[in-house]
$ cat coords_5.cif   # mmCIF, C-alpha atoms
data_my_file
#
loop_
_atom_site.group_PDB
_atom_site.id
_atom_site.type_symbol
_atom_site.label_atom_id
_atom_site.label_comp_id
_atom_site.auth_asym_id
_atom_site.auth_seq_id
_atom_site.Cartn_x
_atom_site.Cartn_y
_atom_site.Cartn_z
ATOM 1 C CA MET B 1 -6.984 -29.901 -20.276
ATOM 2 C CA ARG B 2 -9.558 -32.572 -19.603
ATOM 3 C CA GLU B 3 -10.226 -34.987 -22.449
ATOM 4 C CA THR B 4 -13.768 -33.656 -22.863
ATOM 5 C CA PRO B 5 -13.341 -30.052 -24.073
ATOM 6 C CA SER B 6 -15.491 -27.296 -22.643
ATOM 7 C CA ARG B 7 -18.119 -26.081 -25.053
ATOM 8 C CA PRO B 8 -18.242 -22.372 -25.948
ATOM 9 C CA VAL B 9 -20.036 -20.386 -23.268
ATOM 10 C CA VAL B 10 -22.787 -17.975 -24.205
ATOM 11 C CA PRO B 11 -22.280 -14.785 -22.138
ATOM 12 C CA GLY B 12 -24.014 -15.222 -18.812
ATOM 13 C CA ASP B 13 -24.655 -18.939 -19.418
ATOM 14 C CA LEU B 14 -23.004 -21.504 -17.150
ATOM 15 C CA ARG B 15 -25.047 -24.593 -18.007
ATOM 16 C CA SER B 16 -21.975 -26.250 -19.486
ATOM 17 C CA PRO B 17 -22.245 -30.045 -19.154
ATOM 18 C CA ASP B 18 -18.679 -30.229 -17.856
ATOM 19 C CA PHE B 19 -19.011 -27.474 -15.275
ATOM 20 C CA PRO B 20 -17.311 -28.794 -12.118
ATOM 21 C CA ALA B 21 -19.377 -30.626 -9.568
ATOM 22 C CA ALA B 22 -20.215 -28.664 -6.444
ATOM 23 C CA PRO B 23 -16.891 -28.177 -4.648
ATOM 24 C CA ALA B 24 -16.921 -30.040 -1.364
ATOM 25 C CA ASP B 25 -14.181 -27.908 0.148
ATOM 26 C CA LEU B 26 -13.296 -24.822 -1.877
ATOM 27 C CA ARG B 27 -10.720 -22.847 0.123
ATOM 28 C CA LEU B 28 -8.846 -20.567 -2.306
ATOM 29 C CA VAL B 29 -9.892 -18.450 -5.295
ATOM 30 C CA VAL B 30 -7.097 -16.930 -7.402
ATOM 31 C CA VAL B 31 -8.143 -14.359 -9.997
ATOM 32 C CA ASP B 32 -6.180 -12.549 -12.695
ATOM 33 C CA MET B 33 -7.037 -8.866 -13.133
ATOM 34 C CA ASP B 34 -6.951 -7.425 -16.673
ATOM 35 C CA GLY B 35 -9.223 -9.329 -19.038
ATOM 36 C CA THR B 36 -10.472 -11.514 -16.176
ATOM 37 C CA LEU B 37 -11.809 -9.724 -13.093
ATOM 38 C CA LEU B 38 -11.755 -6.191 -14.528
ATOM 39 C CA ASP B 39 -14.230 -5.143 -17.207
ATOM 40 C CA GLU B 40 -13.308 -3.587 -20.535
ATOM 41 C CA ASP B 41 -12.867 -0.197 -18.837
ATOM 42 C CA GLY B 42 -10.583 -1.588 -16.139
ATOM 43 C CA ARG B 43 -13.251 -1.483 -13.406
ATOM 44 C CA LEU B 44 -13.820 -3.990 -10.625
ATOM 45 C CA PRO B 45 -17.204 -5.768 -10.690
ATOM 46 C CA ALA B 46 -19.917 -3.907 -8.806
ATOM 47 C CA ASP B 47 -20.850 -7.172 -7.074
ATOM 48 C CA LEU B 48 -17.336 -7.877 -5.782
ATOM 49 C CA PRO B 49 -18.096 -6.806 -2.167
ATOM 50 C CA ARG B 50 -21.045 -9.221 -2.081
ATOM 51 C CA ILE B 51 -18.872 -12.052 -3.402
ATOM 52 C CA LEU B 52 -16.207 -11.274 -0.792
ATOM 53 C CA ASP B 53 -18.903 -11.602 1.881
ATOM 54 C CA ARG B 54 -19.988 -14.980 0.521
ATOM 55 C CA LEU B 55 -16.419 -16.226 0.363
ATOM 56 C CA ARG B 56 -15.607 -15.004 3.865
ATOM 57 C CA THR B 57 -18.695 -16.742 5.256
ATOM 58 C CA GLU B 58 -17.407 -20.018 3.784
ATOM 59 C CA GLY B 59 -13.812 -19.446 4.951
ATOM 60 C CA ILE B 60 -12.535 -19.062 1.389
ATOM 61 C CA VAL B 61 -9.520 -16.837 0.625
ATOM 62 C CA PHE B 62 -9.740 -14.505 -2.397
ATOM 63 C CA ALA B 63 -6.407 -13.546 -4.001
ATOM 64 C CA PRO B 64 -5.878 -11.303 -7.048
ATOM 65 C CA ALA B 65 -2.948 -12.461 -9.202
ATOM 66 C CA SER B 66 -1.507 -9.824 -11.493
ATOM 67 C CA GLY B 67 1.499 -8.452 -13.291
ATOM 68 C CA ARG B 68 0.745 -5.201 -11.477
ATOM 69 C CA GLN B 69 2.858 -4.284 -8.478
ATOM 70 C CA TYR B 70 1.592 -4.838 -4.947
ATOM 71 C CA ALA B 71 1.222 -1.094 -4.260
ATOM 72 C CA THR B 72 -1.122 -0.818 -7.245
ATOM 73 C CA LEU B 73 -3.241 -3.812 -6.248
ATOM 74 C CA ARG B 74 -3.460 -2.577 -2.662
ATOM 75 C CA ASP B 75 -4.704 0.801 -3.902
ATOM 76 C CA MET B 76 -7.253 -0.802 -6.233
ATOM 77 C CA PHE B 77 -8.821 -2.891 -3.463
ATOM 78 C CA ALA B 78 -8.427 -0.367 -0.625
ATOM 79 C CA GLY B 79 -12.054 0.755 -0.737
ATOM 80 C CA VAL B 80 -13.586 -2.660 -1.443
ATOM 81 C CA HIS B 81 -15.434 -3.898 1.642
ATOM 82 C CA GLY B 82 -18.315 -6.313 1.979
ATOM 83 C CA ASP B 83 -21.176 -5.665 4.413
ATOM 84 C CA SER B 84 -19.529 -8.117 6.794
ATOM 85 C CA GLY B 85 -16.272 -6.188 6.616
ATOM 86 C CA ALA B 86 -14.728 -8.727 4.249
ATOM 87 C CA THR B 87 -11.685 -7.341 2.427
ATOM 88 C CA VAL B 88 -8.893 -8.614 0.204
ATOM 89 C CA ASP B 89 -5.849 -9.561 2.301
ATOM 90 C CA SER B 90 -3.949 -11.892 -0.036
ATOM 91 C CA TYR B 91 -2.202 -10.794 -3.218
ATOM 92 C CA ILE B 92 0.006 -12.247 -5.926
ATOM 93 C CA ALA B 93 1.791 -9.339 -7.610
ATOM 94 C CA GLU B 94 4.541 -8.774 -10.206
ATOM 95 C CA ASN B 95 3.501 -11.926 -12.097
ATOM 96 C CA GLY B 96 4.225 -14.111 -9.086
ATOM 97 C CA ASN B 97 7.361 -12.414 -7.799
ATOM 98 C CA VAL B 98 5.580 -10.936 -4.778
ATOM 99 C CA VAL B 99 3.135 -12.791 -2.506
ATOM 100 C CA VAL B 100 1.322 -10.954 0.303
ATOM 101 C CA ARG B 101 -0.772 -12.525 3.050
ATOM 102 C CA ASP B 102 -2.206 -10.415 5.886
ATOM 103 C CA GLY B 103 0.182 -7.580 5.076
ATOM 104 C CA GLU B 104 3.300 -9.767 5.132
ATOM 105 C CA LEU B 105 5.225 -9.437 1.860
ATOM 106 C CA THR B 106 7.442 -12.197 0.488
ATOM 107 C CA ALA B 107 9.491 -11.408 -2.621
ATOM 108 C CA ALA B 108 11.319 -13.633 -5.086
ATOM 109 C CA GLU B 109 15.088 -13.586 -5.300
ATOM 110 C CA GLY B 110 16.661 -10.668 -7.116
ATOM 111 C CA MET B 111 17.796 -10.993 -10.703
ATOM 112 C CA ASP B 112 21.416 -11.089 -11.807
ATOM 113 C CA PRO B 113 22.377 -7.399 -12.208
ATOM 114 C CA ALA B 114 24.419 -8.268 -15.317
ATOM 115 C CA LEU B 115 21.289 -9.652 -17.015
ATOM 116 C CA VAL B 116 19.343 -6.547 -15.995
ATOM 117 C CA ASP B 117 22.058 -4.430 -17.619
ATOM 118 C CA GLU B 118 21.808 -6.455 -20.847
ATOM 119 C CA VAL B 119 18.077 -5.789 -21.072
ATOM 120 C CA ILE B 120 18.515 -2.091 -20.272
ATOM 121 C CA ASP B 121 21.081 -1.731 -23.063
ATOM 122 C CA ALA B 122 18.959 -3.701 -25.547
ATOM 123 C CA VAL B 123 15.874 -1.554 -24.919
ATOM 124 C CA ARG B 124 17.933 1.626 -25.213
ATOM 125 C CA ALA B 125 19.329 0.396 -28.546
ATOM 126 C CA ALA B 126 15.840 -0.473 -29.787
ATOM 127 C CA ARG B 127 14.599 2.984 -28.881
ATOM 128 C CA ALA B 128 17.585 4.546 -30.683
ATOM 129 C CA ASP B 129 16.498 2.568 -33.774
ATOM 130 C CA GLY B 130 13.034 4.106 -33.556
ATOM 131 C CA MET B 131 11.235 1.259 -31.764
ATOM 132 C CA PRO B 132 8.653 2.651 -29.296
ATOM 133 C CA MET B 133 9.680 0.652 -26.219
ATOM 134 C CA GLY B 134 9.899 1.623 -22.582
ATOM 135 C CA LEU B 135 11.461 -0.356 -19.740
ATOM 136 C CA ILE B 136 10.500 -0.615 -16.069
ATOM 137 C CA VAL B 137 12.895 -2.076 -13.492
ATOM 138 C CA CYS B 138 10.719 -3.510 -10.723
ATOM 139 C CA HIS B 139 11.724 -3.881 -7.079
ATOM 140 C CA PRO B 140 9.346 -5.306 -4.446
ATOM 141 C CA LYS B 141 8.162 -1.886 -3.260
ATOM 142 C CA CYS B 142 9.017 0.497 -6.105
ATOM 143 C CA ALA B 143 9.378 0.551 -9.881
ATOM 144 C CA TYR B 144 11.973 2.637 -11.728
ATOM 145 C CA VAL B 145 11.856 4.251 -15.182
ATOM 146 C CA GLU B 146 14.279 6.489 -17.043
ATOM 147 C CA ILE B 147 11.984 8.015 -19.676
ATOM 148 C CA ASP B 148 8.972 10.262 -19.252
ATOM 149 C CA GLN B 149 7.047 10.281 -22.478
ATOM 150 C CA PRO B 150 3.320 10.235 -23.354
ATOM 151 C CA GLY B 151 1.992 6.742 -23.922
ATOM 152 C CA PHE B 152 4.636 4.950 -21.914
ATOM 153 C CA THR B 153 4.231 7.129 -18.836
ATOM 154 C CA ASP B 154 0.431 6.822 -18.930
ATOM 155 C CA GLU B 155 0.612 3.036 -19.192
ATOM 156 C CA ALA B 156 3.242 2.772 -16.461
ATOM 157 C CA ALA B 157 1.026 4.835 -14.155
ATOM 158 C CA LYS B 158 -1.802 2.305 -14.540
ATOM 159 C CA TYR B 159 0.181 -0.662 -13.339
ATOM 160 C CA TYR B 160 2.877 0.880 -11.125
ATOM 161 C CA HIS B 161 1.512 3.344 -8.601
ATOM 162 C CA SER B 162 4.797 3.346 -6.671
ATOM 163 C CA ARG B 163 7.417 4.410 -9.218
ATOM 164 C CA GLU B 164 10.341 6.771 -9.545
ATOM 165 C CA LEU B 165 11.982 8.494 -12.499
ATOM 166 C CA VAL B 166 15.776 8.040 -12.434
ATOM 167 C CA ASP B 167 18.563 9.249 -14.683
ATOM 168 C CA ASP B 168 20.054 5.800 -15.263
ATOM 169 C CA LEU B 169 18.371 2.414 -14.797
ATOM 170 C CA HIS B 170 21.790 0.790 -14.442
ATOM 171 C CA ALA B 171 21.963 2.481 -11.039
ATOM 172 C CA VAL B 172 18.981 0.424 -9.789
ATOM 173 C CA ASN B 173 19.881 -2.942 -11.347
ATOM 174 C CA ASP B 174 20.662 -4.646 -8.028
ATOM 175 C CA GLY B 175 17.672 -6.202 -6.257
ATOM 176 C CA ALA B 176 15.314 -6.086 -9.250
ATOM 177 C CA ILE B 177 12.728 -8.881 -9.205
ATOM 178 C CA LYS B 178 11.134 -8.196 -12.600
ATOM 179 C CA LEU B 179 11.697 -6.241 -15.806
ATOM 180 C CA ALA B 180 8.711 -5.019 -17.805
ATOM 181 C CA ILE B 181 8.826 -3.753 -21.376
ATOM 182 C CA PHE B 182 5.994 -1.719 -22.858
ATOM 183 C CA ASP B 183 5.840 -1.974 -26.657
ATOM 184 C CA GLU B 184 2.948 0.038 -28.016
ATOM 185 C CA ARG B 185 2.924 -1.881 -31.312
ATOM 186 C CA GLY B 186 2.113 -5.145 -29.564
ATOM 187 C CA SER B 187 4.199 -7.274 -27.244
ATOM 188 C CA GLU B 188 4.193 -10.444 -29.360
ATOM 189 C CA LEU B 189 5.426 -8.617 -32.487
ATOM 190 C CA VAL B 190 8.892 -7.316 -31.536
ATOM 191 C CA ALA B 191 9.603 -7.075 -27.807
ATOM 192 C CA ALA B 192 8.888 -10.714 -26.938
ATOM 193 C CA PRO B 193 10.997 -12.226 -29.772
ATOM 194 C CA LEU B 194 13.780 -9.740 -29.019
ATOM 195 C CA MET B 195 13.880 -10.726 -25.344
ATOM 196 C CA HIS B 196 13.594 -14.456 -26.084
ATOM 197 C CA ASP B 197 16.632 -14.134 -28.348
ATOM 198 C CA LEU B 198 18.557 -12.045 -25.809
ATOM 199 C CA VAL B 199 17.820 -13.679 -22.445
ATOM 200 C CA GLY B 200 15.563 -16.653 -23.153
ATOM 201 C CA GLY B 201 16.687 -19.580 -20.996
ATOM 202 C CA ARG B 202 18.473 -17.223 -18.626
ATOM 203 C CA LEU B 203 15.320 -15.338 -17.685
ATOM 204 C CA GLU B 204 11.637 -16.275 -17.747
ATOM 205 C CA VAL B 205 10.065 -14.255 -20.582
ATOM 206 C CA ALA B 206 6.289 -13.854 -20.357
ATOM 207 C CA VAL B 207 3.867 -11.975 -22.584
ATOM 208 C CA SER B 208 1.752 -10.380 -19.869
ATOM 209 C CA GLY B 209 -0.542 -8.186 -21.941
ATOM 210 C CA ALA B 210 -1.206 -6.912 -25.441
ATOM 211 C CA CYS B 211 1.663 -4.426 -25.098
ATOM 212 C CA TRP B 212 3.670 -5.846 -22.180
ATOM 213 C CA VAL B 213 6.504 -8.367 -21.831
ATOM 214 C CA ASP B 214 7.867 -9.328 -18.404
ATOM 215 C CA MET B 215 11.183 -10.955 -17.535
ATOM 216 C CA MET B 216 11.924 -12.730 -14.257
ATOM 217 C CA VAL B 217 14.235 -15.283 -12.668
ATOM 218 C CA PRO B 218 13.542 -18.715 -14.247
ATOM 219 C CA GLY B 219 10.800 -20.512 -12.355
ATOM 220 C CA SER B 220 9.218 -17.259 -11.171
ATOM 221 C CA HIS B 221 5.651 -17.058 -12.437
ATOM 222 C CA LYS B 222 2.079 -16.997 -11.181
ATOM 223 C CA GLY B 223 1.923 -20.781 -10.920
ATOM 224 C CA HIS B 224 4.870 -20.875 -8.535
ATOM 225 C CA ALA B 225 3.301 -18.094 -6.454
ATOM 226 C CA VAL B 226 -0.083 -19.845 -6.269
ATOM 227 C CA ARG B 227 1.599 -22.981 -4.965
ATOM 228 C CA ALA B 228 3.522 -20.939 -2.400
ATOM 229 C CA LEU B 229 0.266 -19.367 -1.188
ATOM 230 C CA GLN B 230 -1.410 -22.787 -1.108
ATOM 231 C CA GLU B 231 1.405 -24.135 1.042
ATOM 232 C CA ARG B 232 1.142 -21.184 3.397
ATOM 233 C CA LEU B 233 -2.625 -21.643 3.728
ATOM 234 C CA GLY B 234 -2.546 -25.450 3.857
ATOM 235 C CA VAL B 235 -4.665 -25.627 0.712
ATOM 236 C CA THR B 236 -4.533 -28.193 -2.096
ATOM 237 C CA ALA B 237 -5.125 -27.893 -5.833
ATOM 238 C CA ALA B 238 -8.441 -29.709 -5.330
ATOM 239 C CA GLN B 239 -9.497 -26.874 -3.013
ATOM 240 C CA THR B 240 -8.469 -24.122 -5.445
ATOM 241 C CA ALA B 241 -10.297 -22.257 -8.224
ATOM 242 C CA ILE B 242 -8.240 -20.293 -10.770
ATOM 243 C CA PHE B 243 -9.416 -17.675 -13.293
ATOM 244 C CA GLY B 244 -7.264 -16.262 -16.106
ATOM 245 C CA ASP B 245 -7.224 -15.034 -19.671
ATOM 246 C CA PHE B 246 -3.700 -14.324 -20.964
ATOM 247 C CA LEU B 247 -0.334 -15.975 -21.430
ATOM 248 C CA ASN B 248 1.124 -14.911 -18.089
ATOM 249 C CA ASP B 249 -1.677 -16.966 -16.489
ATOM 250 C CA LEU B 250 -0.600 -20.161 -18.224
ATOM 251 C CA GLN B 251 1.464 -21.753 -15.445
ATOM 252 C CA MET B 252 -1.165 -21.158 -12.771
ATOM 253 C CA MET B 253 -3.881 -23.031 -14.671
ATOM 254 C CA SER B 254 -2.453 -26.321 -13.426
ATOM 255 C CA ALA B 255 -2.374 -25.127 -9.795
ATOM 256 C CA GLY B 256 -6.138 -25.504 -9.329
ATOM 257 C CA ASP B 257 -8.432 -28.372 -10.265
ATOM 258 C CA MET B 258 -11.165 -25.789 -10.866
ATOM 259 C CA SER B 259 -9.250 -23.771 -13.479
ATOM 260 C CA PHE B 260 -11.353 -21.452 -15.629
ATOM 261 C CA ALA B 261 -10.377 -19.677 -18.828
ATOM 262 C CA MET B 262 -12.492 -16.644 -19.581
ATOM 263 C CA ALA B 263 -14.524 -16.761 -22.786
ATOM 264 C CA ASN B 264 -12.301 -13.935 -24.061
ATOM 265 C CA ALA B 265 -9.090 -15.797 -23.159
ATOM 266 C CA HIS B 266 -6.076 -16.475 -25.336
ATOM 267 C CA PRO B 267 -6.407 -19.870 -27.103
ATOM 268 C CA ASP B 268 -3.473 -21.284 -25.120
ATOM 269 C CA ILE B 269 -5.244 -20.475 -21.842
ATOM 270 C CA LYS B 270 -8.440 -22.131 -23.042
ATOM 271 C CA ALA B 271 -6.412 -25.220 -23.933
ATOM 272 C CA ALA B 272 -4.753 -25.312 -20.505
ATOM 273 C CA ALA B 273 -7.844 -24.677 -18.347
ATOM 274 C CA ASN B 274 -10.317 -27.334 -17.277
ATOM 275 C CA TYR B 275 -13.400 -25.130 -17.688
ATOM 276 C CA LEU B 276 -14.651 -22.023 -19.476
ATOM 277 C CA ALA B 277 -16.249 -19.014 -17.755
ATOM 278 C CA PRO B 278 -18.183 -16.133 -19.331
ATOM 279 C CA SER B 279 -16.070 -13.184 -20.438
ATOM 280 C CA ASN B 280 -14.811 -10.365 -18.259
ATOM 281 C CA THR B 281 -17.367 -8.068 -19.903
ATOM 282 C CA GLU B 282 -20.093 -10.328 -18.485
ATOM 283 C CA ALA B 283 -18.653 -10.353 -14.942
ATOM 284 C CA GLY B 284 -17.637 -13.943 -15.596
ATOM 285 C CA VAL B 285 -15.697 -14.359 -12.339
ATOM 286 C CA VAL B 286 -18.625 -13.198 -10.190
ATOM 287 C CA VAL B 287 -21.170 -15.252 -12.137
ATOM 288 C CA THR B 288 -19.044 -18.392 -11.894
ATOM 289 C CA LEU B 289 -18.291 -18.001 -8.183
ATOM 290 C CA ASP B 290 -21.995 -17.511 -7.456
ATOM 291 C CA ARG B 291 -22.722 -20.735 -9.333
ATOM 292 C CA LEU B 292 -19.980 -22.647 -7.476
ATOM 293 C CA LEU B 293 -21.150 -21.391 -4.072
ATOM 294 C CA ASP B 294 -24.836 -21.997 -4.876
ATOM 295 C CA GLU B 295 -24.179 -25.581 -5.945
ATOM 296 C CA ALA B 296 -22.012 -26.232 -2.899
ATOM 297 C CA ALA B 297 -24.791 -24.913 -0.627
ATOM 298 C CA ALA B 298 -27.386 -27.056 -2.422
ATOM 299 C CA ALA B 299 -25.223 -30.152 -2.052
ATOM 300 C CA ARG B 300 -24.998 -29.585 1.703
ATOM 301 C CA SER B 301 -28.735 -29.135 2.179
#
$ encode --input "coords_5.cif" --output "structure tokens"
Amino acid sequence: MRETPSRPVVPGDLRSPDFPAAPADLRLVVVDMDGTLLDEDGRLPADLPRILDRLRTEGIVFAPASGRQYATLRDMFAGVHGDSGATVDSYIAENGNVVVRDGELTAAEGMDPALVDEVIDAVRAARADGMPMGLIVCHPKCAYVEIDQPGFTDEAAKYYHSRELVDDLHAVNDGAIKLAIFDERGSELVAAPLMHDLVGGRLEVAVSGACWVDMMVPGSHKGHAVRALQERLGVTAAQTAIFGDFLNDLQMMSAGDMSFAMANAHPDIKAAANYLAPSNTEAGVVVTLDRLLDEAAAARS
């Protein structure tokens, strides 16, 4: 965080005295989904196609970065086209374990099957003790579950469009890139401490939503994926804008000099970001990008 803290942002107001100067060479915009780009009903901003047009005109890449799987993100953006034909062709999925550019998918290394088995057994034991948890074993192109129950199944369907119900998750432990636990009572209450105690240090444990905890190979997170995409594009942190709101966005805040926490963000994200954007309910990403592009255009004129 910069030494001069960002002041609270009134919804729709971006006259913050420490708003970044007009970017001379913005080349990459990385945007979290839930609580950041999506509104309170999980909808994309109506103005997103127009923003994609503006970004394409300036040669700027737009990349969603989410805990959702790639198949889900691809489906969500499939019908989003600007008037110029601009589309989304770069994705960071599975909390950084999958990076896609122009249809080419690169996945992180698979997890140790023995660790996957430990988590499977721990979640089964928790459920046997009456804890309402569900586990998803994530592979690059498909997610696997072994329970089909209201609540868990509905939530899994939101984030994992490509999924399969199996009899035994142990049978799909090899090649998993991420494990996701849904805990309907709140991820920070039981599931996260349980997983930190069980596999902390051996796996990266990230609270990825109010009811979700993700586990990955150590070093696998959105920040690592952003840097991999930057390297592929030949882009620097000074040329990158980042938007996020929750704890699984923490590591990517340092990957862009223009890092924005949403006004509705977790306190740790606000502390890590350099700037503050209006909330997701105020289309904060769109409003902020318009401001950045307007100021850059004014500086050139």
$ resolve_selection --input "coords_5.cif" --expression "the PyMOL selection byres ((chain B and resi 225-240) around 8)" --output "list in words"
Pro23, Asp25, Leu26, Arg27, Leu28, Val29, Val30, Ile92, Gly96, Asn97, Val98, Val99, Ser220, His221, Lys222, Gly223, His224, Ala241, Ile242, Met252, Ala255, Gly256, Asp257 and Met258 of chain B
$ closest_residue --input "coords_5.cif" --among "B:Ala71, B:Ala128, B:Met76, B:Leu48" --to "Pro140 (chain B)" --atoms "only C-alpha atoms"
B:Ala71
$ axis_aligned_box --input "coords_5.cif" --around "region 250-264 of chain B" --padding-each-side "4 Å" --output "JSON"
{"center_x": -6.5, "center_y": -21.2, "center_z": -16.7, "size_x": 24.0, "size_y": 22.4, "size_z": 22.7}
$ closest_residue --input "coords_5.cif" --among "B:Asp268, B:Glu204, B:Asp47, B:Glu118" --to "Asp290 (chain B)" --atoms "only C-alpha atoms"
B:Asp47
$ closest_residue --input "coords_5.cif" --among "B:Asp34, B:Pro20, B:Val88, B:Thr57" --to "Ala265 (chain B)" --atoms "all atoms listed in the file"
B:Asp34
$ atom_distance --input "coords_5.cif" --atom1 "CA of Pro45 (chain B)" --atom2 "CA of Gln251 (chain B)"
25.0 Å
